[in-house]
Amino acid sequence: MNEQVGAADASPRLPNMPADERDQWGKTSYPAAEIHFLRGPQKRTFELWRAMRIFFELLSGFRALHFVGPCVTVFGSARFKEDHIYYGAARQVGALLARAGFTVMTGGGPGIMEAANRGAKDVGGVSIGCNIELPSEQKPNPYLDKWVTFRHFYVRKLMLVKYSYAFIAMPGGFGTLDEFFETATLIQTGKIKQFPLVLMGKEYWQPLLDFMRDRLLVNKTIDPVDYERITVTDSPEQAVDSVRRIAMHNFGLTYAGQMKRRRLLGE
């Protein structure tokens, strides 16, 4: 990114999601097949077919998200309502990220995810959702320019990481912790670069931070740098400023020279 950072219209625009597609969100799910797949060794033909399905799911995600621009992924609970303080903070984060020229990516559902996507749309930014099929119905929030549905959590998490240059974890539950620690592990092991990693909500995360400091660091199961690279703040401005500053320094992001679409590939 260069001095043009802050132009909300610098990111590519994407078509609005048709209402009928939104109404079908999460209504088709295959829990029996998924349970069968994760049960252990299966017939070779079954496992070959599942491997092919996973491959095409990966390919579908790659094609759908190829041109979304530099993203920041916002993790957080689906359970916070519009009147909650964390919803308001996430909405502000989404708006600030969009003003900084980032595409805002979330899991596409309600709560914190909706708030971040909504904040991006408030200022004319681009808003992306990566859905996961579940047995219970889950509708996408109405603030998405584009969304993709995945059957497998690991494929979905790959997409949330692959296209993002930073990660902001708002308060959340098991899913948020899973996403946060997987990202931290990828950074720790050098699988991805030193991406900005932000925890928002000091009071909410303090017991977890205490555990990391008093147990993981003391027992040397992580290194001091693993703990110190995490930015913890209550300020949406500080969170986004650290994301923008580190991403620009580490990756030299710029709006120039974006990938060109190829008609031959249906882009």
# chains A, B, ... in the order shown; residues from 1 in each chain; ligands from 1

$ select_by_dssp --residues "segment 7-255 of chain A" --states "alpha helix (DSSP H)" --output "ChimeraX atom specification"
/A:19-23,31-37,44-65,85-99,112-122,153-162,174-188,202-211,224-228,236-251

$ residues_around --residues "Asp226 of chain A" --least-positions-apart "6" --cutoff "12 Å" --atoms "only C-alpha atoms" --output "count of residues only"
17

$ closest_residue --among "A:Arg151, A:Arg79, A:Arg39, A:His84" --to "Phe55 of chain A" --atoms "only C-alpha atoms"
A:Arg151

$ residues_around --residues "Trp147 of chain A" --least-positions-apart "2" --cutoff "8 Å" --atoms "only C-alpha atoms" --output "list in words"
Met17, Gly108, Ile128, Gly129, Cys130, Asn131, Leu144, Asp145 and Thr149 of chain A

$ atom_distance --atom1 "atom CA of Thr73 of chain A" --atom2 "atom CA of Phe167 of chain A"
5.0 Å

$ residues_around --residues "Phe211 of chain A" --least-positions-apart "6" --cutoff "12 Å" --atoms "only C-alpha atoms" --output "ChimeraX atom specification"
/A:205,217-219,221-222,227

$ write_last_selection --atoms "N, CA and C atoms" --output "compact mmCIF listing (two decimals), in the first residue's frame"
# COMPACT_ATOMS: atom_id res chain seq x y z
N TRP A 205 -9.87 -11.16 27.14
CA TRP A 205 -8.77 -12.06 26.83
C TRP A 205 -7.74 -12.18 27.95
N LEU A 217 4.81 -19.80 28.81
CA LEU A 217 6.14 -19.18 28.83
C LEU A 217 7.00 -19.76 29.95
N VAL A 218 6.42 -19.89 31.13
CA VAL A 218 7.19 -20.41 32.29
C VAL A 218 7.70 -21.81 32.01
N ASN A 219 6.90 -22.64 31.37
CA ASN A 219 7.31 -24.01 31.05
C ASN A 219 8.03 -24.13 29.71
N THR A 221 7.09 -23.81 26.69
CA THR A 221 6.41 -24.47 25.57
C THR A 221 6.17 -23.50 24.42
N ILE A 222 6.33 -22.21 24.70
CA ILE A 222 6.42 -21.19 23.65
C ILE A 222 7.60 -20.29 23.98
N TYR A 227 4.77 -14.84 22.35
CA TYR A 227 3.83 -14.11 23.19
C TYR A 227 3.84 -12.62 22.84

$ select_by_dssp --residues "segment 9-171 of chain A" --states "strand (DSSP E)" --output "MDAnalysis selection string"
chainID A and resid 71:75 103:106 127:132 146:150 164:169

$ residues_around --residues "Met113 of chain A" --least-positions-apart "6" --cutoff "10 Å" --atoms "only C-alpha atoms" --output "CSV table (one decimal) with N, CA and C atoms, in the first residue's frame"
chain,number,residue,atom,x,y,z
A,73,THR,N,-8.7,-10.7,8.0
A,73,THR,CA,-9.7,-11.5,8.5
A,73,THR,C,-10.0,-11.1,10.0
A,74,VAL,N,-11.3,-11.0,10.2
A,74,VAL,CA,-11.8,-10.7,11.6
A,74,VAL,C,-12.5,-11.9,12.1
A,75,PHE,N,-12.0,-12.5,13.2
A,75,PHE,CA,-12.6,-13.6,13.9
A,75,PHE,C,-13.5,-13.1,15.0
A,76,GLY,N,-14.5,-13.9,15.4
A,76,GLY,CA,-15.3,-13.5,16.6
A,76,GLY,C,-16.6,-14.3,16.7
A,77,SER,N,-17.2,-14.2,17.8
A,77,SER,CA,-18.4,-15.0,18.1
A,77,SER,C,-19.6,-14.6,17.2
A,78,ALA,N,-20.4,-15.6,16.9
A,78,ALA,CA,-21.7,-15.3,16.2
A,78,ALA,C,-22.8,-15.0,17.1
A,79,ARG,N,-22.6,-15.0,18.4
A,79,ARG,CA,-23.6,-14.9,19.4
A,79,ARG,C,-23.9,-13.5,20.0
A,80,PHE,N,-23.0,-12.5,19.7
A,80,PHE,CA,-23.2,-11.2,20.2
A,80,PHE,C,-24.3,-10.4,19.3
A,87,TYR,N,-20.0,-5.9,19.5
A,87,TYR,CA,-20.6,-5.7,18.1
A,87,TYR,C,-20.2,-4.3,17.6
A,90,ALA,N,-16.5,-4.2,16.7
A,90,ALA,CA,-16.2,-4.9,15.5
A,90,ALA,C,-16.7,-4.1,14.3
A,91,ARG,N,-17.8,-3.5,14.4
A,91,ARG,CA,-18.3,-2.6,13.3
A,91,ARG,C,-17.3,-1.5,13.0
A,94,GLY,N,-14.3,-2.9,11.2
A,94,GLY,CA,-14.6,-3.1,9.8
A,94,GLY,C,-14.5,-1.9,9.0
A,104,VAL,N,-12.5,-6.7,3.9
A,104,VAL,CA,-12.8,-7.3,5.2
A,104,VAL,C,-13.4,-8.7,5.0
A,105,MET,N,-12.7,-9.7,5.6
A,105,MET,CA,-13.1,-11.1,5.4
A,105,MET,C,-13.5,-11.7,6.8
A,106,THR,N,-14.7,-12.4,6.8
A,106,THR,CA,-15.1,-13.0,8.0
A,106,THR,C,-15.7,-14.4,7.7
A,107,GLY,N,-16.2,-15.1,8.7
A,107,GLY,CA,-16.9,-16.3,8.5
A,107,GLY,C,-18.3,-16.1,7.9
A,129,GLY,N,-17.4,-13.2,2.9
A,129,GLY,CA,-17.8,-14.2,3.9
A,129,GLY,C,-17.4,-15.6,3.4
A,140,PRO,N,-26.4,-16.1,6.0
A,140,PRO,CA,-25.4,-15.1,5.9
A,140,PRO,C,-25.9,-13.8,6.4
A,141,ASN,N,-25.0,-13.0,6.9
A,141,ASN,CA,-25.4,-11.6,7.2
A,141,ASN,C,-25.7,-10.8,5.9
A,143,TYR,N,-24.6,-8.1,4.8
A,143,TYR,CA,-23.6,-7.1,4.5
A,143,TYR,C,-22.4,-7.7,3.7
A,170,MET,N,-11.7,-10.9,17.7
A,170,MET,CA,-12.6,-10.3,18.7
A,170,MET,C,-13.0,-11.4,19.7

$ decode --residues "segment 168-210 of chain A" --atoms "N, CA and C atoms" --output "tab-separated table (two decimals), in the first residue's frame"
chain	number	residue	atom	x	y	z
A	168	ILE	N	-7.50	-10.21	13.11
A	168	ILE	CA	-7.99	-9.55	14.32
A	168	ILE	C	-9.01	-10.48	14.96
A	169	ALA	N	-8.74	-10.90	16.19
A	169	ALA	CA	-9.65	-11.79	16.92
A	169	ALA	C	-10.41	-10.98	17.96
A	170	MET	N	-11.71	-10.85	17.73
A	170	MET	CA	-12.60	-10.26	18.71
A	170	MET	C	-13.02	-11.35	19.70
A	171	PRO	N	-13.69	-11.01	20.80
A	171	PRO	CA	-14.14	-12.03	21.73
A	171	PRO	C	-14.99	-13.11	21.06
A	172	GLY	N	-14.76	-14.35	21.44
A	172	GLY	CA	-15.48	-15.47	20.84
A	172	GLY	C	-15.29	-16.74	21.63
A	173	GLY	N	-15.77	-17.84	21.08
A	173	GLY	CA	-15.75	-19.13	21.75
A	173	GLY	C	-14.75	-20.10	21.15
A	174	PHE	N	-15.13	-21.39	21.11
A	174	PHE	CA	-14.23	-22.44	20.62
A	174	PHE	C	-13.74	-22.14	19.21
A	175	GLY	N	-14.65	-21.73	18.32
A	175	GLY	CA	-14.26	-21.48	16.93
A	175	GLY	C	-13.24	-20.37	16.82
A	176	THR	N	-13.47	-19.30	17.56
A	176	THR	CA	-12.53	-18.17	17.54
A	176	THR	C	-11.17	-18.58	18.10
A	177	LEU	N	-11.18	-19.33	19.19
A	177	LEU	CA	-9.92	-19.81	19.76
A	177	LEU	C	-9.19	-20.72	18.79
A	178	ASP	N	-9.92	-21.59	18.13
A	178	ASP	CA	-9.34	-22.50	17.14
A	178	ASP	C	-8.66	-21.71	16.03
A	179	GLU	N	-9.37	-20.72	15.50
A	179	GLU	CA	-8.82	-19.92	14.40
A	179	GLU	C	-7.63	-19.10	14.85
A	180	PHE	N	-7.72	-18.52	16.05
A	180	PHE	CA	-6.62	-17.70	16.55
A	180	PHE	C	-5.36	-18.53	16.77
A	181	PHE	N	-5.50	-19.67	17.45
A	181	PHE	CA	-4.31	-20.47	17.77
A	181	PHE	C	-3.74	-21.16	16.53
A	182	GLU	N	-4.58	-21.53	15.58
A	182	GLU	CA	-4.03	-22.09	14.35
A	182	GLU	C	-3.21	-21.04	13.61
A	183	THR	N	-3.71	-19.81	13.56
A	183	THR	CA	-2.95	-18.74	12.92
A	183	THR	C	-1.64	-18.48	13.66
A	184	ALA	N	-1.71	-18.44	14.99
A	184	ALA	CA	-0.49	-18.22	15.79
A	184	ALA	C	0.52	-19.33	15.56
A	185	THR	N	0.04	-20.57	15.43
A	185	THR	CA	0.93	-21.70	15.18
A	185	THR	C	1.59	-21.60	13.81
A	186	LEU	N	0.83	-21.20	12.81
A	186	LEU	CA	1.39	-21.03	11.46
A	186	LEU	C	2.48	-19.97	11.45
A	187	ILE	N	2.28	-18.89	12.21
A	187	ILE	CA	3.30	-17.85	12.30
A	187	ILE	C	4.51	-18.36	13.07
A	188	GLN	N	4.26	-19.03	14.20
A	188	GLN	CA	5.33	-19.55	15.04
A	188	GLN	C	6.24	-20.50	14.28
A	189	THR	N	5.65	-21.36	13.45
A	189	THR	CA	6.41	-22.38	12.74
A	189	THR	C	6.92	-21.92	11.39
A	190	GLY	N	6.67	-20.66	11.05
A	190	GLY	CA	7.19	-20.11	9.80
A	190	GLY	C	6.43	-20.54	8.56
A	191	LYS	N	5.25	-21.11	8.74
A	191	LYS	CA	4.44	-21.50	7.58
A	191	LYS	C	3.87	-20.28	6.88
A	192	ILE	N	3.60	-19.23	7.63
A	192	ILE	CA	3.24	-17.94	7.05
A	192	ILE	C	4.14	-16.89	7.68
A	193	LYS	N	4.25	-15.72	7.03
A	193	LYS	CA	5.14	-14.68	7.49
A	193	LYS	C	4.64	-14.07	8.79
A	194	GLN	N	5.36	-13.05	9.24
A	194	GLN	CA	5.02	-12.40	10.50
A	194	GLN	C	3.81	-11.49	10.33
A	195	PHE	N	2.68	-12.10	10.09
A	195	PHE	CA	1.45	-11.35	9.92
A	195	PHE	C	1.05	-10.69	11.24
A	196	PRO	N	0.46	-9.49	11.17
A	196	PRO	CA	-0.09	-8.89	12.38
A	196	PRO	C	-1.17	-9.77	12.99
A	197	LEU	N	-1.11	-9.96	14.30
A	197	LEU	CA	-2.07	-10.80	15.01
A	197	LEU	C	-2.56	-10.01	16.22
A	198	VAL	N	-3.85	-9.64	16.19
A	198	VAL	CA	-4.40	-8.72	17.18
A	198	VAL	C	-5.52	-9.38	17.96
A	199	LEU	N	-5.49	-9.22	19.28
A	199	LEU	CA	-6.61	-9.60	20.14
A	199	LEU	C	-7.29	-8.32	20.60
A	200	MET	N	-8.58	-8.20	20.36
A	200	MET	CA	-9.32	-7.03	20.81
A	200	MET	C	-10.24	-7.38	21.97
A	201	GLY	N	-10.14	-6.59	23.03
A	201	GLY	CA	-10.93	-6.84	24.24
A	201	GLY	C	-10.03	-7.29	25.37
A	202	LYS	N	-9.32	-6.36	26.00
A	202	LYS	CA	-8.32	-6.71	27.01
A	202	LYS	C	-8.93	-7.51	28.16
A	203	GLU	N	-10.05	-7.04	28.69
A	203	GLU	CA	-10.66	-7.71	29.83
A	203	GLU	C	-11.08	-9.12	29.47
A	204	TYR	N	-11.64	-9.29	28.28
A	204	TYR	CA	-12.12	-10.61	27.87
A	204	TYR	C	-10.97	-11.60	27.73
A	205	TRP	N	-9.87	-11.16	27.14
A	205	TRP	CA	-8.77	-12.06	26.83
A	205	TRP	C	-7.74	-12.18	27.95
A	206	GLN	N	-7.83	-11.35	29.02
A	206	GLN	CA	-6.78	-11.33	30.04
A	206	GLN	C	-6.53	-12.69	30.68
A	207	PRO	N	-7.56	-13.49	31.05
A	207	PRO	CA	-7.27	-14.81	31.63
A	207	PRO	C	-6.48	-15.72	30.68
A	208	LEU	N	-6.78	-15.63	29.40
A	208	LEU	CA	-6.03	-16.43	28.42
A	208	LEU	C	-4.59	-15.93	28.32
A	209	LEU	N	-4.39	-14.62	28.32
A	209	LEU	CA	-3.05	-14.06	28.28
A	209	LEU	C	-2.25	-14.43	29.52
A	210	ASP	N	-2.92	-14.42	30.68
A	210	ASP	CA	-2.27	-14.82	31.92
A	210	ASP	C	-1.82	-16.28	31.85
